[in-house]
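data.txt, holding compact mmCIF, C-alpha atoms:
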# COMPACT_ATOMS: atom_id res chain seq x y z
CA ALA A 394 -85.11 -31.23 -100.18
CA SER A 395 -81.94 -32.27 -98.35
CA LEU A 396 -83.32 -35.74 -97.74
CA LEU A 397 -84.23 -36.11 -101.38
CA ARG A 398 -80.71 -35.10 -102.41
CA VAL A 399 -79.19 -37.62 -100.00
CA THR A 400 -81.34 -40.46 -101.30
CA GLY A 401 -79.87 -40.10 -104.76
CA MET A 402 -82.66 -38.24 -106.57
CA ARG A 403 -80.34 -35.42 -107.61
CA SER A 404 -80.11 -36.77 -111.14
CA HIS A 405 -83.89 -36.33 -111.43
CA ALA A 406 -84.09 -32.77 -110.20
CA TRP A 407 -87.48 -32.19 -111.83
CA HIS A 408 -88.92 -34.99 -109.68
CA MET A 409 -87.27 -33.46 -106.63
CA ALA A 410 -89.03 -30.16 -107.17
CA LEU A 411 -92.35 -31.98 -107.45
CA CYS A 412 -91.78 -34.07 -104.32
CA ALA A 413 -90.45 -31.11 -102.35
CA SER A 414 -93.59 -29.15 -103.21
CA CYS A 415 -95.65 -32.01 -101.79
CA LEU A 416 -93.56 -31.99 -98.59
CA VAL A 417 -94.14 -28.27 -98.17
CA ALA A 418 -97.86 -28.85 -98.71
CA ALA A 419 -97.87 -31.56 -96.03
CA ALA A 420 -96.09 -29.28 -93.56
CA GLU A 421 -98.55 -26.47 -94.18
CA ALA A 422 -101.45 -28.90 -93.81
CA LEU A 423 -100.25 -29.89 -90.34
CA ALA A 424 -100.04 -26.26 -89.27
CA ALA A 425 -103.22 -25.04 -90.94
CA PRO A 426 -106.38 -24.53 -88.85
CA ARG A 427 -108.45 -25.84 -91.74
CA PRO A 428 -107.95 -28.77 -94.13
CA LEU A 429 -105.64 -27.93 -97.02
CA ARG A 430 -107.30 -28.68 -100.34
CA ALA A 431 -107.18 -27.59 -103.92
CA PRO A 432 -109.08 -24.36 -104.51
CA ALA A 433 -112.48 -24.60 -106.12
CA SER A 434 -111.07 -23.10 -109.30
CA ALA A 435 -108.64 -26.01 -109.75
CA THR A 436 -109.88 -28.40 -112.43
CA PRO A 437 -108.81 -31.95 -113.34
CA THR A 438 -107.00 -30.36 -116.27
CA ASP A 439 -104.97 -28.24 -113.83
CA LEU A 440 -104.07 -31.33 -111.84
CA ARG A 441 -103.06 -33.25 -114.92
CA ALA A 442 -100.98 -30.31 -116.09
CA ALA A 443 -99.20 -30.15 -112.74
CA THR A 444 -98.47 -33.86 -112.41
CA GLY A 445 -97.94 -34.67 -116.06
CA ALA A 446 -95.22 -32.09 -116.50
CA SER A 447 -92.66 -34.28 -114.75
CA CYS A 448 -93.30 -37.17 -117.15
CA GLU A 449 -93.16 -34.88 -120.15
CA ALA A 450 -89.98 -33.14 -119.01
CA SER A 451 -88.26 -36.39 -118.09
CA THR A 452 -88.71 -37.75 -121.60
CA ARG A 453 -87.00 -34.76 -123.19
CA GLU A 454 -83.28 -34.59 -123.71
CA ASP A 455 -83.31 -30.83 -124.04
CA GLY A 456 -81.80 -29.44 -120.82
CA ALA A 457 -83.46 -26.07 -121.35
CA SER A 458 -86.92 -27.65 -121.19
CA ARG A 459 -86.09 -29.31 -117.85
CA GLN A 460 -84.82 -26.04 -116.43
CA GLN A 461 -87.93 -24.23 -117.59
CA TRP A 462 -90.09 -26.89 -115.96
CA LEU A 463 -88.11 -26.53 -112.72
CA ARG A 464 -88.84 -22.83 -112.66
CA GLU A 465 -92.54 -23.31 -113.34
CA SER A 466 -93.33 -26.43 -111.28
CA GLY A 467 -93.32 -24.73 -107.88
CA ALA A 468 -95.72 -22.02 -108.99
CA ARG A 469 -97.96 -24.59 -110.71
CA TRP A 470 -98.27 -26.72 -107.58
CA ALA A 471 -98.78 -23.64 -105.45
CA ALA A 472 -101.76 -22.66 -107.60
CA VAL A 473 -103.27 -26.14 -107.45
CA LEU A 474 -102.81 -26.56 -103.69
CA GLY A 475 -103.65 -23.01 -102.69
CA MET A 476 -100.19 -22.48 -101.16
CA ALA A 477 -98.05 -19.38 -100.95
CA SER A 478 -96.04 -19.60 -104.14
CA TRP A 479 -92.60 -18.34 -103.06
CA ASN A 480 -91.52 -21.48 -101.16
CA SER A 481 -91.87 -23.90 -104.05
CA ALA A 482 -90.87 -21.41 -106.71
CA ALA A 483 -87.66 -20.51 -104.88
CA LEU A 484 -86.76 -24.19 -104.53
CA ALA A 485 -87.44 -24.84 -108.20
CA GLU A 486 -85.32 -21.86 -109.18
CA SER A 487 -82.37 -23.04 -107.07
CA LEU A 488 -82.61 -26.51 -108.58
CA ALA A 489 -82.70 -25.04 -112.07
CA VAL A 490 -79.51 -23.09 -111.41
CA GLU A 491 -77.89 -26.26 -110.09
CA GLU A 492 -78.86 -28.19 -113.23
CA GLU A 493 -77.01 -25.60 -115.31
CA LYS A 494 -73.68 -26.33 -113.62
CA PRO A 495 -71.21 -28.41 -115.64
CA LYS A 496 -71.07 -32.06 -114.65
CA PRO A 497 -67.88 -33.51 -113.11
CA ARG A 498 -65.65 -34.82 -115.89
CA ILE A 499 -63.40 -37.21 -113.92
CA ASP A 500 -64.84 -40.50 -112.69
CA PRO A 501 -62.42 -42.16 -110.23
CA SER A 502 -64.41 -45.40 -110.38
CA VAL A 503 -63.29 -45.67 -114.01
CA GLU A 504 -59.85 -44.07 -113.91
CA LEU A 505 -58.15 -42.69 -110.82
CA PRO A 506 -56.54 -39.24 -111.16
CA GLU A 507 -52.78 -39.19 -110.74
CA VAL A 508 -51.65 -39.26 -107.11
CA THR A 509 -48.94 -36.63 -106.76
CA LYS A 510 -48.27 -36.93 -103.02
CA LYS A 511 -49.27 -39.02 -100.02
CA CYS A 512 -50.12 -37.80 -96.53
CA PHE A 513 -51.03 -39.72 -93.40
CA LEU A 514 -53.27 -39.13 -90.41
CA ASP A 515 -52.84 -41.14 -87.21
CA VAL A 516 -56.16 -41.53 -85.41
CA SER A 517 -56.86 -42.14 -81.72
CA ILE A 518 -60.08 -43.16 -79.96
CA ASP A 519 -60.29 -42.16 -76.30
CA GLY A 520 -56.52 -41.70 -76.29
CA GLU A 521 -55.71 -45.12 -77.74
CA ALA A 522 -54.17 -45.55 -81.19
CA ALA A 523 -56.78 -46.66 -83.74
CA GLY A 524 -54.57 -46.80 -86.82
CA ARG A 525 -53.15 -44.78 -89.68
CA VAL A 526 -54.99 -43.44 -92.72
CA VAL A 527 -52.87 -42.76 -95.82
CA ILE A 528 -54.39 -40.34 -98.31
CA GLY A 529 -53.23 -39.85 -101.90
CA LEU A 530 -53.59 -36.29 -103.19
CA PHE A 531 -54.66 -35.39 -106.71
CA GLY A 532 -52.30 -32.45 -107.06
CA LYS A 533 -52.64 -32.04 -110.82
CA VAL A 534 -56.43 -31.91 -110.79
CA SER A 535 -56.76 -29.82 -107.61
CA PRO A 536 -53.43 -28.19 -106.72
CA LEU A 537 -54.98 -25.65 -104.36
CA LEU A 538 -56.94 -28.12 -102.21
CA ALA A 539 -54.18 -30.73 -102.29
CA GLY A 540 -51.61 -28.12 -101.22
CA ASN A 541 -53.85 -26.87 -98.41
CA PHE A 542 -54.40 -30.40 -97.10
CA GLU A 543 -50.72 -31.32 -97.28
CA ALA A 544 -49.72 -28.17 -95.37
CA LEU A 545 -52.28 -28.95 -92.66
CA CYS A 546 -50.95 -32.50 -92.34
CA THR A 547 -47.36 -31.34 -91.94
CA GLY A 548 -48.15 -28.16 -90.01
CA ASP A 549 -45.66 -26.37 -92.23
CA ASN A 550 -47.56 -23.20 -93.15
CA GLU A 551 -47.55 -19.51 -92.27
CA ASN A 552 -50.65 -19.89 -90.11
CA ALA A 553 -49.09 -22.67 -87.99
CA ALA A 554 -52.32 -24.61 -88.58
CA SER A 555 -52.20 -28.38 -88.15
CA TYR A 556 -54.55 -31.31 -88.06
CA ALA A 557 -52.70 -32.62 -85.00
CA GLY A 558 -55.18 -32.69 -82.13
CA SER A 559 -58.20 -31.80 -84.25
CA PRO A 560 -61.38 -33.88 -83.86
CA VAL A 561 -63.46 -36.26 -85.88
CA TYR A 562 -66.58 -34.25 -85.11
CA ARG A 563 -69.41 -35.90 -87.06
CA ILE A 564 -70.11 -39.45 -88.21
CA LEU A 565 -72.99 -40.36 -90.49
CA SER A 566 -73.21 -44.12 -90.91
CA ASN A 567 -73.11 -45.32 -94.52
CA PHE A 568 -72.52 -41.72 -95.52
CA THR A 569 -69.46 -39.75 -94.34
CA VAL A 570 -66.86 -39.38 -91.59
CA GLN A 571 -66.15 -35.67 -91.04
CA ALA A 572 -62.98 -34.30 -89.43
CA GLY A 573 -60.39 -31.53 -89.38
CA SER A 574 -62.18 -28.65 -87.62
CA ILE A 575 -58.98 -27.03 -86.37
CA GLY A 576 -59.60 -24.92 -83.27
CA ASP A 577 -63.28 -25.83 -83.04
CA LEU A 578 -64.39 -29.09 -81.42
CA THR A 579 -67.98 -28.49 -82.60
CA GLY A 580 -67.07 -28.75 -86.29
CA ARG A 581 -68.58 -25.39 -87.18
CA SER A 582 -65.34 -23.85 -88.44
CA GLY A 583 -61.73 -24.54 -89.34
CA VAL A 584 -58.49 -22.83 -90.31
CA ALA A 585 -56.97 -22.91 -93.79
CA ALA A 586 -53.24 -23.31 -94.33
CA ILE A 587 -53.13 -20.79 -97.16
CA GLY A 588 -53.56 -17.03 -97.07
CA ASP A 589 -54.63 -15.66 -93.71
CA GLY A 590 -56.37 -18.85 -92.67
CA LYS A 591 -59.81 -17.72 -93.75
CA PRO A 592 -62.11 -19.84 -95.96
CA PHE A 593 -61.41 -19.80 -99.69
CA GLU A 594 -63.02 -20.96 -102.93
CA PRO A 595 -62.20 -24.51 -104.13
CA ASP A 596 -60.22 -24.67 -107.35
CA THR A 597 -62.23 -27.48 -108.96
CA PHE A 598 -65.35 -29.63 -108.81
CA ASP A 599 -64.13 -31.88 -111.61
CA ILE A 600 -64.04 -35.14 -109.65
CA LYS A 601 -67.18 -37.23 -109.45
CA HIS A 602 -68.04 -38.77 -106.07
CA SER A 603 -68.27 -42.32 -107.35
CA ARG A 604 -65.80 -44.23 -105.18
CA ALA A 605 -65.62 -45.06 -101.48
CA GLY A 606 -62.65 -43.47 -99.75
CA LEU A 607 -62.74 -40.19 -101.66
CA VAL A 608 -61.70 -37.23 -99.52
CA SER A 609 -63.52 -33.92 -100.06
CA MET A 610 -63.64 -30.54 -98.38
CA VAL A 611 -66.60 -29.61 -96.19
CA ARG A 612 -68.32 -26.43 -97.37
CA GLY A 613 -68.77 -23.46 -95.09
CA PRO A 614 -70.84 -20.28 -95.62
CA GLY A 615 -70.89 -19.21 -99.23
CA GLY A 616 -69.52 -22.57 -100.37
CA LYS A 617 -66.00 -21.77 -99.20
CA VAL A 618 -63.65 -24.28 -97.54
CA ASP A 619 -61.09 -24.22 -94.74
CA SER A 620 -59.59 -27.29 -93.02
CA ARG A 621 -62.67 -29.45 -92.57
CA PHE A 622 -62.96 -32.52 -94.75
CA PHE A 623 -64.97 -35.71 -95.05
CA VAL A 624 -64.28 -39.25 -96.20
CA GLN A 625 -66.93 -40.84 -98.38
CA VAL A 626 -67.78 -44.34 -97.11
CA ASN A 627 -69.73 -45.75 -100.05
CA ASP A 628 -69.34 -45.77 -103.81
CA ASP A 629 -72.46 -43.80 -104.68
CA ALA A 630 -72.39 -40.22 -103.40
CA GLY A 631 -73.80 -38.32 -106.35
CA TRP A 632 -75.41 -35.90 -103.89
CA ALA A 633 -71.92 -34.41 -103.40
CA ASP A 634 -71.18 -33.72 -107.07
CA ASN A 635 -70.88 -29.99 -107.85
CA ARG A 636 -71.35 -29.19 -104.16
CA TYR A 637 -68.22 -30.61 -102.54
CA ALA A 638 -64.73 -30.63 -104.01
CA ALA A 639 -62.89 -33.97 -103.93
CA PHE A 640 -59.10 -33.84 -103.98
CA GLY A 641 -57.79 -37.19 -102.72
CA LEU A 642 -58.43 -40.83 -101.89
CA VAL A 643 -57.78 -43.09 -98.92
CA LEU A 644 -55.08 -45.49 -100.18
CA GLU A 645 -54.47 -47.32 -96.89
CA GLY A 646 -56.39 -47.53 -93.65
CA MET A 647 -59.96 -47.70 -94.92
CA GLU A 648 -60.53 -50.19 -92.10
CA VAL A 649 -59.90 -47.30 -89.69
CA ILE A 650 -62.58 -45.24 -91.44
CA ASP A 651 -64.94 -48.24 -91.27
CA ARG A 652 -64.31 -48.49 -87.53
CA LEU A 653 -65.03 -44.80 -87.03
CA GLU A 654 -68.20 -45.07 -89.10
CA ASN A 655 -69.57 -47.65 -86.67
CA LEU A 656 -68.89 -45.70 -83.48
CA GLU A 657 -71.88 -44.75 -81.36
CA VAL A 658 -72.90 -41.10 -81.85
CA SER A 659 -74.97 -38.48 -80.04
CA PRO A 660 -77.79 -36.93 -82.06
CA PRO A 661 -78.71 -34.51 -83.47
CA GLN A 662 -75.15 -33.48 -84.45
CA ASN A 663 -73.98 -37.10 -84.68
CA ARG A 664 -70.83 -36.43 -82.71
CA PRO A 665 -69.02 -39.62 -81.66
CA LYS A 666 -69.58 -40.40 -77.99
CA LYS A 667 -65.93 -41.40 -77.73
CA THR A 668 -63.22 -38.78 -78.19
CA VAL A 669 -61.70 -39.20 -81.65
CA ARG A 670 -58.62 -37.15 -82.53
CA ILE A 671 -56.03 -36.86 -85.28
Would you kindly transcribe this structure into structure tokens?
Amino acid sequence: ASLLRVTGMRSHAWHMALCASCLVAAAEALAAPRPLRAPASATPTDLRAATGASCEASTREDGASRQQWLRESGARWAAVLGMASWNSAALAESLAVEEEKPKPRIDPSVELPEVTKKCFLDVSIDGEAAGRVVIGLFGKVSPLLAGNFEALCTGDNENAASYAGSPVYRILSNFTVQAGSIGDLTGRSGVAAIGDGKPFEPDTFDIKHSRAGLVSMVRGPGGKVDSRFFVQVNDDAGWADNRYAAFGLVLEGMEVIDRLENLEVSPPQNRPKKTVRI
């Protein structure tokens, strides 16, 4: 399901549920001691009903019909393939809930939100200066996230938290550059500038991820955020809409981000082999 989201199929969530069901079936087939096949009770009508639903739902403009199909598709495929139903049904239900979320209303590829402040991050690679990244903050659209980021750049906050010395901990080529895990070189946690430093809820998901250079917060458990952020490196990142909160844009120094994106990494965590620090 994650791979399907990354490849841009999020806008066709009903197809994702169908394909994800097939992936689950393939995984169970590899583990099963016997060949996985449709039960004897499954008829061609059942198969047509299972596969044809995606075409029927995709031609409707009624969002409720798509959501209903999402909820039913997992169970339908489970019956046809003789699978345990909860895997596919749970996935379909989660996708249906996601479809009900409001869509981002601000498209920075069309009109950039007002930049209220600018911050900079100086980056080093193996102790040598790699350049400066200047980030414009959208303080009117996302005052909470913009304020948190600014305070972490300056270090002027009650938690004495600062990006200075924190790592660029994960690089996914043609995808994202992830940084800002204060106090944790592994990238598993961070420290917020506001409150007591614990993760908090983003104040908006209004900005669409439609422009390279957008800066968004990395989500932790429960969808909350701290200090970790990522820079989007291509224009099409619809997978991030409604999941990750964008709050700024790289105004200068995108060539530094491009250089980081092309560094050699160590799988499976994709940590850069060279030491990259802010």
>> Ranking A:Glu657, A:Ala638, A:Glu551, A:Val669 by minimum distance to Asp515 in chain A and counting only C-alpha atoms, which one comes first?
In response: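 When distances to Asp515 in chain A are compared using only C-alpha atoms, the smallest one comes from A:Val669.
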>> Just the number, please: distance in Å from CA of Lys617 in chain A to CA of Lys591 in chain A, one decimal.
In response: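 Taking CA of Lys617 in chain A as the start and CA of Lys591 in chain A as the end point, the length is 9.2 Å.
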>> Under the rule that all atoms listed in the file are counted, which of A:Arg664, A:Lys496, A:Arg525, A:Lys511 is the nearest residue to Gly646 in chain A?
In response: A:Arg525
> Looking at A:Pro497, A:Val570, A:Asn552, A:Ala585, which one is nearest to Ala633 in chain A, with distances taken over only C-alpha atoms?
Replying inline: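 With only C-alpha atoms as the atom set, the closest residue is A:Pro497.
Between CA of Pro501 in chain A and CA of Glu543 in chain A the separation is 20.5 Å.
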> So how far away is CA of Ser574 in chain A from CA of Gly613 in chain A, in Å?
Replying inline: 11.2 Å
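Contact shell of Lys667 in chain A at 7 Å (only C-alpha atoms; same-chain neighbours under 2 positions omitted): Ile518, Asp519, Pro665 and Val669 of chain A.
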>> I'd like to know which of A:Leu578, A:Ile528, A:Ile650, A:Val534 is closest to Thr668 in chain A, using all atoms listed in the file.
In response: A:Leu578
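Closest to His602 in chain A among A:Leu537, A:Ile499, A:Ala523, A:Leu653 is A:Ile499, based on all atoms listed in the file.
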Give me range 572-585 of chain A from this structure - N, CA, C and O atoms, as a PDB file, in the first residue's frame.
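Here's the written file selection.pdb:
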ATOM      1  N   ALA A 572      15.587  15.790   7.593  1.00  0.00           N
ATOM      2  CA  ALA A 572      16.571  16.350   8.525  1.00  0.00           C
ATOM      3  C   ALA A 572      15.875  16.815   9.798  1.00  0.00           C
ATOM      4  O   ALA A 572      14.659  16.737   9.933  1.00  0.00           O
ATOM      5  N   GLY A 573      16.711  17.311  10.751  1.00  0.00           N
ATOM      6  CA  GLY A 573      16.179  17.994  11.926  1.00  0.00           C
ATOM      7  C   GLY A 573      15.818  17.127  13.108  1.00  0.00           C
ATOM      8  O   GLY A 573      15.062  17.565  13.980  1.00  0.00           O
ATOM      9  N   SER A 574      16.370  15.911  13.189  1.00  0.00           N
ATOM     10  CA  SER A 574      16.057  15.045  14.341  1.00  0.00           C
ATOM     11  C   SER A 574      16.947  15.440  15.520  1.00  0.00           C
ATOM     12  O   SER A 574      17.956  14.798  15.804  1.00  0.00           O
ATOM     13  N   ILE A 575      16.557  16.492  16.212  1.00  0.00           N
ATOM     14  CA  ILE A 575      17.354  17.042  17.310  1.00  0.00           C
ATOM     15  C   ILE A 575      17.506  16.005  18.421  1.00  0.00           C
ATOM     16  O   ILE A 575      16.520  15.433  18.889  1.00  0.00           O
ATOM     17  N   GLY A 576      18.755  15.748  18.797  1.00  0.00           N
ATOM     18  CA  GLY A 576      19.031  14.808  19.877  1.00  0.00           C
ATOM     19  C   GLY A 576      18.951  13.352  19.511  1.00  0.00           C
ATOM     20  O   GLY A 576      19.094  12.491  20.371  1.00  0.00           O
ATOM     21  N   ASP A 577      18.745  13.042  18.238  1.00  0.00           N
ATOM     22  CA  ASP A 577      18.614  11.646  17.817  1.00  0.00           C
ATOM     23  C   ASP A 577      19.200  11.492  16.414  1.00  0.00           C
ATOM     24  O   ASP A 577      18.572  11.874  15.431  1.00  0.00           O
ATOM     25  N   LEU A 578      20.394  10.931  16.318  1.00  0.00           N
ATOM     26  CA  LEU A 578      21.058  10.793  15.027  1.00  0.00           C
ATOM     27  C   LEU A 578      20.370   9.768  14.130  1.00  0.00           C
ATOM     28  O   LEU A 578      20.623   9.724  12.927  1.00  0.00           O
ATOM     29  N   THR A 579      19.499   8.934  14.697  1.00  0.00           N
ATOM     30  CA  THR A 579      18.823   7.904  13.900  1.00  0.00           C
ATOM     31  C   THR A 579      17.624   8.449  13.142  1.00  0.00           C
ATOM     32  O   THR A 579      17.118   7.801  12.226  1.00  0.00           O
ATOM     33  N   GLY A 580      17.123   9.625  13.542  1.00  0.00           N
ATOM     34  CA  GLY A 580      15.954  10.194  12.891  1.00  0.00           C
ATOM     35  C   GLY A 580      14.632   9.691  13.418  1.00  0.00           C
ATOM     36  O   GLY A 580      13.578   9.977  12.847  1.00  0.00           O
ATOM     37  N   ARG A 581      14.644   8.965  14.517  1.00  0.00           N
ATOM     38  CA  ARG A 581      13.397   8.401  15.042  1.00  0.00           C
ATOM     39  C   ARG A 581      12.615   9.373  15.907  1.00  0.00           C
ATOM     40  O   ARG A 581      11.450   9.134  16.222  1.00  0.00           O
ATOM     41  N   SER A 582      13.246  10.458  16.328  1.00  0.00           N
ATOM     42  CA  SER A 582      12.541  11.411  17.187  1.00  0.00           C
ATOM     43  C   SER A 582      13.160  12.796  17.036  1.00  0.00           C
ATOM     44  O   SER A 582      14.201  12.961  16.384  1.00  0.00           O
ATOM     45  N   GLY A 583      12.509  13.771  17.645  1.00  0.00           N
ATOM     46  CA  GLY A 583      13.008  15.139  17.622  1.00  0.00           C
ATOM     47  C   GLY A 583      12.495  15.885  18.839  1.00  0.00           C
ATOM     48  O   GLY A 583      11.852  15.305  19.718  1.00  0.00           O
ATOM     49  N   VAL A 584      12.754  17.173  18.880  1.00  0.00           N
ATOM     50  CA  VAL A 584      12.330  18.010  20.010  1.00  0.00           C
ATOM     51  C   VAL A 584      11.661  19.263  19.450  1.00  0.00           C
ATOM     52  O   VAL A 584      12.258  19.993  18.650  1.00  0.00           O
ATOM     53  N   ALA A 585      10.444  19.530  19.880  1.00  0.00           N
ATOM     54  CA  ALA A 585       9.736  20.721  19.438  1.00  0.00           C
ATOM     55  C   ALA A 585      10.225  21.939  20.212  1.00  0.00           C
ATOM     56  O   ALA A 585      10.729  21.828  21.330  1.00  0.00           O
TER      57      ALA A 585
END
